[in-house]
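S.K.: Quick one: this structure, given as structure tokens, is what I'll be asking you about.
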Amino acid sequence: MTPQVLDVREMSISYGSRVPALLAVSGVSFSVESGQCLGVVGESGSGKSTTGLAIQGLLTRDPSVSATGSLTIAGTELNPVVERGWEGIRGRTVTTVFQDPMSSLDPTMTIGRMLTFVAGSKAESLRWLDEVEIRDPAAVFRSYPHQLSGGMRQRVMIALALARRPALLVADEPTTALDVSVQAQILKLLRREQEALGCGIVFVTHDLGVAKAMCDEVVVMRNGCIVERGTSARVFGAPESEYARRLMESRLTMATDRHRPVGLPEATVVNAMVESLNEGRAETATTTVDAVTAEWNARSLLWSDFAPADVGEVSVPPGASPGAAPIAALEFTAVTKSYPTGGGIARLKTVLSEVSLRVEKRESVALVGESGSGKSTILRIAAGLESASGGSVQRSDVDADAVQVIFQDAGASLTPWLTVEQLLTERVRNSKRGGKVSAKDAARLVGLAMDRVSLDRALLTSKPSQLSGGQRQRVAIARAIVIPPTILLCDEPTSALDVSIASTVLNLLNLLRHALGISVLFVTHDLAAARVISDRILVISEGQIIESVPAENVSSTVSSDYARRLLDAVLS
Amino acid sequence: MLSFPETKPLAAPIGLPRLRWPFSIGETIAVTSLALVVILSIVGPLLSPYSPIIPSGDQFLPPGSRGHLLGTDNLGMDIATRLMVGARTSLFAAVVTTACTATLGLIVGTIAGFVGGWLDTILMRITDIFLAFPGPIVAMAISAALGASLSSSIVGIAIVWWPLYARIARGEVRRTATSMHVEAARMSGSRGIPLVLRHILPATLPTVAITASLDIGGVIAVLSALSFIGLGTPAPAPELGLMASTGMQYLLSSWWIPVLPGLCVGVLALLCNYTGDGLRGALRSRGV
């Protein structure tokens with residue numbers, strides 16, 4: 001029998017600094033044998049990170065934390081909140097790979113110094129760098145963390161963690177900050193090294209795809225409790241608990257049905273949306289709220305059911321005759337962008353080279369690529385936040401109402417000292433169409449926008465810091481659509497959100513675009529999300545659009561190696 | 001179920017969030033003392049039976065004399081009354097000076113930081129020129145040129161002090177202007193002055209306010225120094241610096257005449273500094 005490296009029994013942890021004391025983890029039990037990888041999966045607030053911190057002995061410094069239960073690491077019984085006993089364990093028997101290698105590597109030390117400190121000698125350090133598949137170990141040995149790419153830093157982190165030959169490795173979201181294709185390599189590396197060293201791994205993650213690819217066993221956490229446990233194949237194949245089932249359903253794969261809302265019917269956002277939209281077309285439409293809800297429950301509700309003409313404020317321009325080429329909502333013609341680099345006047349770094357793209361009215365186009373591919377630059381140029389170095393950008397409407405943006409970090413995009421109402425009203429006042437409306441009408445528009453994103457109107461007086469991540473993203477969306485734009489530019493609006501919230505946000509965007517007839521340019525690194533939200537997918541690499549495929553059957557139509565790689569990275 | 005050998009007690013599960021007094025013990029003492037001094041300097045002169053500029057008793061009475069708590073000066077004027085009025089003038093002048101300099105600096109810095117480009121360059125080079133001169137000496141020259149009075153001292157100090165605030169405000173504005181929420185506000189159609197007032201300035205104000213509160217003590221000292229070398233309101237005005245300088249000749253015979261006003265300036269400046277420190281800490285802990 002393989003030795004047990006970690007045994008957690010009935011562990012509860014509470015944070016007392018908040019009043020009342022917050023029970024972050026309650027009565028959690030699990031164990032890890034050497035050579036085994038256990039996934040701790042959950043959404044934010046599930047207690048997975050606190051569990052991760054507790055088994056690394058990183059909660060002993062906080063006097064407000066208290067714990068009960070038992071924790072045994074490699075035969076030593078320890079208390080997660082008392083320092084005694086941890087000295088020989090933390091960083092030796094238990095080592096860690098953190099989410100963000102930039103902030104967890106010492107910026108003042110070379111990789112070599114850090115690694116030699118752990119591995120003992122330079123030869124051994126170089127061997128470890130070689131082991132984690134770093135191509136030029138000698139050069140990396142002399143480098144500082146900021147000189148390396150994200151993937152390289154995470155490899156160094158893994159080398160640092162493994163060089164101690166730990167019995168237990170805790171990986172806390174180690175690939176969340178990385179590009180999808182790098183993520184796959186890192187996971188493969190972790191798996192291989194684990195087999196070579198025979199250590200146990202506790203893999204904390206919110207990403208079900210990553211957990212499925214990486215772990216032998218999985219525990220699913222929610223509100224501090226374990227709601228489901230079992231072998232990875234069993235939990236992902238046939239989840240027993242309602243919550244786990246919902247999580248699995250929220251997950252997007254290349255097989256997700258993209259014609260109807262994603263996730264389970266409990267994703268109530270759509271119901272609420274349907275309701276508020278139906279109010280708008282009550283006179284003409286035959287569907288009642290009940291009928292739509294019934295349809296939805298029968299899993300037959302399709303995006304195409306939402307006819308834009310019924311409620312849309314965007315109408316076909318008078319000059320356009322049927323059969324004539326439609327006016328594009330956004331058109332890029334041979335757009336280039338380059339930034340000057342530090343090395344002299346003439347040195348330019350080209351970010352975009354001759355990019356041409358066209359987003360038709362009411363069309364949704366996804367722009368998929370990895371970081372540094374130039375996809376965000378395209379969005380910023382389309383938004384007018386940056387200007388192109390060459391080529392031409394055309395929008396169907398030139399006024400400020402034509403384009404709205406939803407940023408990745410909704411929290412940061414809302415001015416912290418203004419209330420939701422102030423933010424939305426300001427948008428109405430600033431728009432060309434809404435500038436002249438009365439205060440009463442402005443308030444009505446703001447209320448309607450809140451309904452459309454299914455936010456309680458009571459939240460109008462809240463400030464962004466009082467809202468959850470999902471609510472903030474909805475406020476950002478409400479601000480963008482309170483005066484419906486011609487085109488909505490989305491910059492990875494779901495990548496910072498939990499899976500279930502992400503799927504409701506995607507549903508919301510899809511519904512809004514179908515119902516209001518808004519064009520969408522959706523920038524993302526996630527091909528699965530792109531497939532759900534868009535009609536057409538543009539694959540971008542190194543500042544050039546290398547492929548344009550219909551979203552319906554991406555997997556069968558992509559031809560370039562790069563797109564294939566992105567496709568493989570969608571862990572299904 | 002096993003339990004840990006040492007388990008930290010759970011915090012009380014129910015209760016209202018406590019409103020915490022934001023100052024440490026030292027800062028509390030400073031804040032309270034400053035409040036007392038302010039009240040004393042406002043109320044004191046009204047209650048005092050003596051005028052601050054008319055001799056009211058024997059000359060050179062030492063502190064603790066009957067009827068004159070802190071004694072009288074070379075002309076027989078009551079020192080306690082003169083100190084209270086002097087402290088009031090100093091505090092008021094310092095607050096006015098700091099408010100003027102901070103506002104001026106904030107406006108210049110915000111324009112430079114927000115507009116950028118050539119305007120930024122010009123405004124910042126002007127700022128550099130002011131910063132390149134030795135501040136107190138320029139302030140002396142200006143107030144001397146304008147004629148000895150309190151208002152010319154204030155103008156002198158304001159002219160040499162604003163570049164500091166301009167620098168700070170410009171940095172903060174530039175930092176805030178690139179942040180995501182300002183970009184989002186631009187996308188939602190905010191431009192120009194409304195954008196600055198609603199989305200940028202509120203982030204800048206705390207830093208400027210903290211700097212200003214820390215500067216008041218320094219301004220008190222500089223104002224008194226100008227008055228000490230005779231650039232403030234001429235005698236017999238009850239100004240702390242002036243009182244110290246005219247009393248200097250009696251230092252050996254009647255030490256209290258120059259020492260008490262000097263001490264008063266020191267204590268005022270110190271209290272203001274500690275209070276500013278406390279304010280900074282309190283604002284920081286609120287995450288500003």
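Naming scheme: A, B, ... for chains in displayed order of the structure tokens; residues 1 onward per chain; ligands 1 onward as shown.
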For chain A against chain B, which residues fall within 8 Å using only C-alpha atoms, given as a PyMOL selection string?
M.R.: chain A and resi 9-10+14+16-21+64-70+78-79+81-82+383+385+400+403-405+407+412-415+417+426-427+430-431+479-480
S.K.: Go ahead and save the picked residues with N, CA and C atoms, as a CSV table (one decimal), in the first residue's frame.
M.R.:
chain,number,residue,atom,x,y,z
A,9,ARG,N,-8.9,15.5,8.4
A,9,ARG,CA,-10.2,15.0,9.0
A,9,ARG,C,-11.0,16.0,9.6
A,10,GLU,N,-12.2,16.2,9.2
A,10,GLU,CA,-13.2,17.1,9.8
A,10,GLU,C,-12.6,18.5,10.1
A,14,SER,N,-12.3,29.0,10.5
A,14,SER,CA,-13.1,30.2,10.4
A,14,SER,C,-12.2,31.5,10.6
A,16,GLY,N,-12.1,35.1,12.1
A,16,GLY,CA,-12.8,35.8,13.2
A,16,GLY,C,-12.8,37.3,13.0
A,17,SER,N,-12.0,37.8,12.1
A,17,SER,CA,-11.9,39.2,12.0
A,17,SER,C,-13.2,39.8,11.5
A,18,ARG,N,-14.0,39.0,10.8
A,18,ARG,CA,-15.2,39.5,10.4
A,18,ARG,C,-16.3,39.2,11.5
A,19,VAL,N,-17.3,40.0,11.6
A,19,VAL,CA,-18.3,39.8,12.6
A,19,VAL,C,-19.6,39.6,11.8
A,20,PRO,N,-20.3,38.5,11.9
A,20,PRO,CA,-19.9,37.3,12.7
A,20,PRO,C,-18.8,36.5,12.0
A,21,ALA,N,-18.2,35.7,12.8
A,21,ALA,CA,-17.0,34.9,12.3
A,21,ALA,C,-17.4,34.1,11.1
A,64,SER,N,-6.5,36.0,13.6
A,64,SER,CA,-8.0,35.9,13.7
A,64,SER,C,-8.5,34.6,13.2
A,65,VAL,N,-7.6,33.7,12.7
A,65,VAL,CA,-8.1,32.4,12.2
A,65,VAL,C,-8.1,31.4,13.3
A,66,SER,N,-9.2,30.6,13.3
A,66,SER,CA,-9.2,29.5,14.2
A,66,SER,C,-9.6,28.2,13.5
A,67,ALA,N,-9.3,27.1,14.1
A,67,ALA,CA,-9.5,25.8,13.4
A,67,ALA,C,-9.8,24.7,14.3
A,68,THR,N,-10.6,23.7,13.8
A,68,THR,CA,-10.8,22.5,14.6
A,68,THR,C,-10.6,21.3,13.6
A,69,GLY,N,-10.5,20.1,14.1
A,69,GLY,CA,-10.3,18.9,13.2
A,69,GLY,C,-8.9,18.4,13.3
A,70,SER,N,-8.5,17.6,12.4
A,70,SER,CA,-7.1,17.1,12.4
A,70,SER,C,-6.5,17.2,11.0
A,78,LEU,N,-0.3,18.2,12.7
A,78,LEU,CA,-0.1,19.6,12.7
A,78,LEU,C,-1.4,20.4,12.9
A,79,ASN,N,-1.2,21.6,13.5
A,79,ASN,CA,-2.4,22.5,13.6
A,79,ASN,C,-2.3,23.6,12.5
A,81,VAL,N,-3.3,26.4,12.3
A,81,VAL,CA,-3.3,27.8,12.8
A,81,VAL,C,-2.2,28.1,13.9
A,82,VAL,N,-1.4,27.0,14.2
A,82,VAL,CA,-0.4,27.2,15.2
A,82,VAL,C,0.9,27.0,14.6
A,383,ALA,N,-12.5,50.6,-30.6
A,383,ALA,CA,-13.2,51.4,-29.6
A,383,ALA,C,-12.8,52.9,-29.7
A,385,LEU,N,-9.9,53.9,-28.5
A,385,LEU,CA,-9.1,54.2,-27.4
A,385,LEU,C,-7.6,54.3,-27.8
A,400,ALA,N,-20.8,58.9,-30.9
A,400,ALA,CA,-20.2,58.2,-29.7
A,400,ALA,C,-21.1,57.0,-29.3
A,403,VAL,N,-20.4,52.7,-30.4
A,403,VAL,CA,-19.5,51.6,-29.9
A,403,VAL,C,-19.5,51.7,-28.4
A,404,GLN,N,-19.7,50.5,-27.8
A,404,GLN,CA,-19.5,50.4,-26.3
A,404,GLN,C,-18.6,49.2,-26.0
A,405,VAL,N,-17.9,49.3,-24.9
A,405,VAL,CA,-16.9,48.2,-24.6
A,405,VAL,C,-17.3,47.6,-23.2
A,407,PHE,N,-15.2,45.5,-20.5
A,407,PHE,CA,-13.8,45.1,-20.2
A,407,PHE,C,-13.7,43.8,-19.4
A,412,ALA,N,-12.7,46.9,-12.0
A,412,ALA,CA,-11.8,48.1,-12.3
A,412,ALA,C,-12.4,49.0,-13.2
A,413,SER,N,-13.4,48.6,-14.0
A,413,SER,CA,-13.9,49.5,-15.1
A,413,SER,C,-15.0,50.4,-14.5
A,414,LEU,N,-15.5,50.1,-13.3
A,414,LEU,CA,-16.5,51.0,-12.7
A,414,LEU,C,-15.8,51.9,-11.7
A,415,THR,N,-16.1,53.2,-11.9
A,415,THR,CA,-15.5,54.2,-11.0
A,415,THR,C,-15.9,53.9,-9.5
A,417,TRP,N,-16.1,55.4,-6.6
A,417,TRP,CA,-16.8,56.2,-5.7
A,417,TRP,C,-18.2,56.6,-6.2
A,426,GLU,N,-25.2,58.7,-16.0
A,426,GLU,CA,-24.1,59.4,-16.7
A,426,GLU,C,-24.0,59.0,-18.2
A,427,ARG,N,-24.1,57.6,-18.4
A,427,ARG,CA,-24.1,57.1,-19.7
A,427,ARG,C,-25.2,57.6,-20.6
A,430,ASN,N,-24.6,61.3,-21.4
A,430,ASN,CA,-23.5,61.5,-22.3
A,430,ASN,C,-23.8,61.1,-23.7
A,431,SER,N,-24.8,60.2,-23.9
A,431,SER,CA,-25.1,59.7,-25.2
A,431,SER,C,-25.8,60.8,-26.0
A,479,ARG,N,-24.5,49.3,-18.3
A,479,ARG,CA,-24.0,50.7,-18.8
A,479,ARG,C,-23.8,50.7,-20.3
A,480,ALA,N,-23.3,49.5,-20.8
A,480,ALA,CA,-23.0,49.5,-22.2
A,480,ALA,C,-24.3,49.5,-23.1
S.K.: Set the distance at 8 Å and use only C-alpha atoms: which residues neighbour Val170 in chain A once local chain neighbours fewer than 2 positions away are removed? I'd like the list as a ChimeraX atom specification.
M.R.: /A:52,56,94-97,168,172,201-204
S.K.: Which residue, B:Ile154, B:Pro22, B:Gly266, B:Leu260, has the smallest gap to Thr98 in chain B when you use only C-alpha atoms?
M.R.: B:Ile154
S.K.: Could you name the residues that touch Leu75 in chain B at 12 Å or less, counting only C-alpha atoms, but leaving out those on the same chain fewer than 4 positions away, as a ChimeraX atom specification?
M.R.: /B:52-61,71,79,235-236,243,246-247,250,257
S.K.: Quote the spacing between CA of Ser559 in chain A and CA of Ser392 in chain A in Å to one decimal place.
M.R.: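 Atom-to-atom, CA of Ser559 in chain A to CA of Ser392 in chain A, that is 28.6 Å.
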S.K.: As an exercise, work out the distance from CA of Glu217 in chain A to CA of Phe30 in chain A in Å and give it to one decimal place.
M.R.: 10.3 Å
S.K.: Choose the residue, out of A:Leu160, A:Ala233, A:Leu521, A:Ile89, that has the smallest atom-to-atom separation from Leu129 in chain A; count only C-alpha atoms.
M.R.: A:Leu160
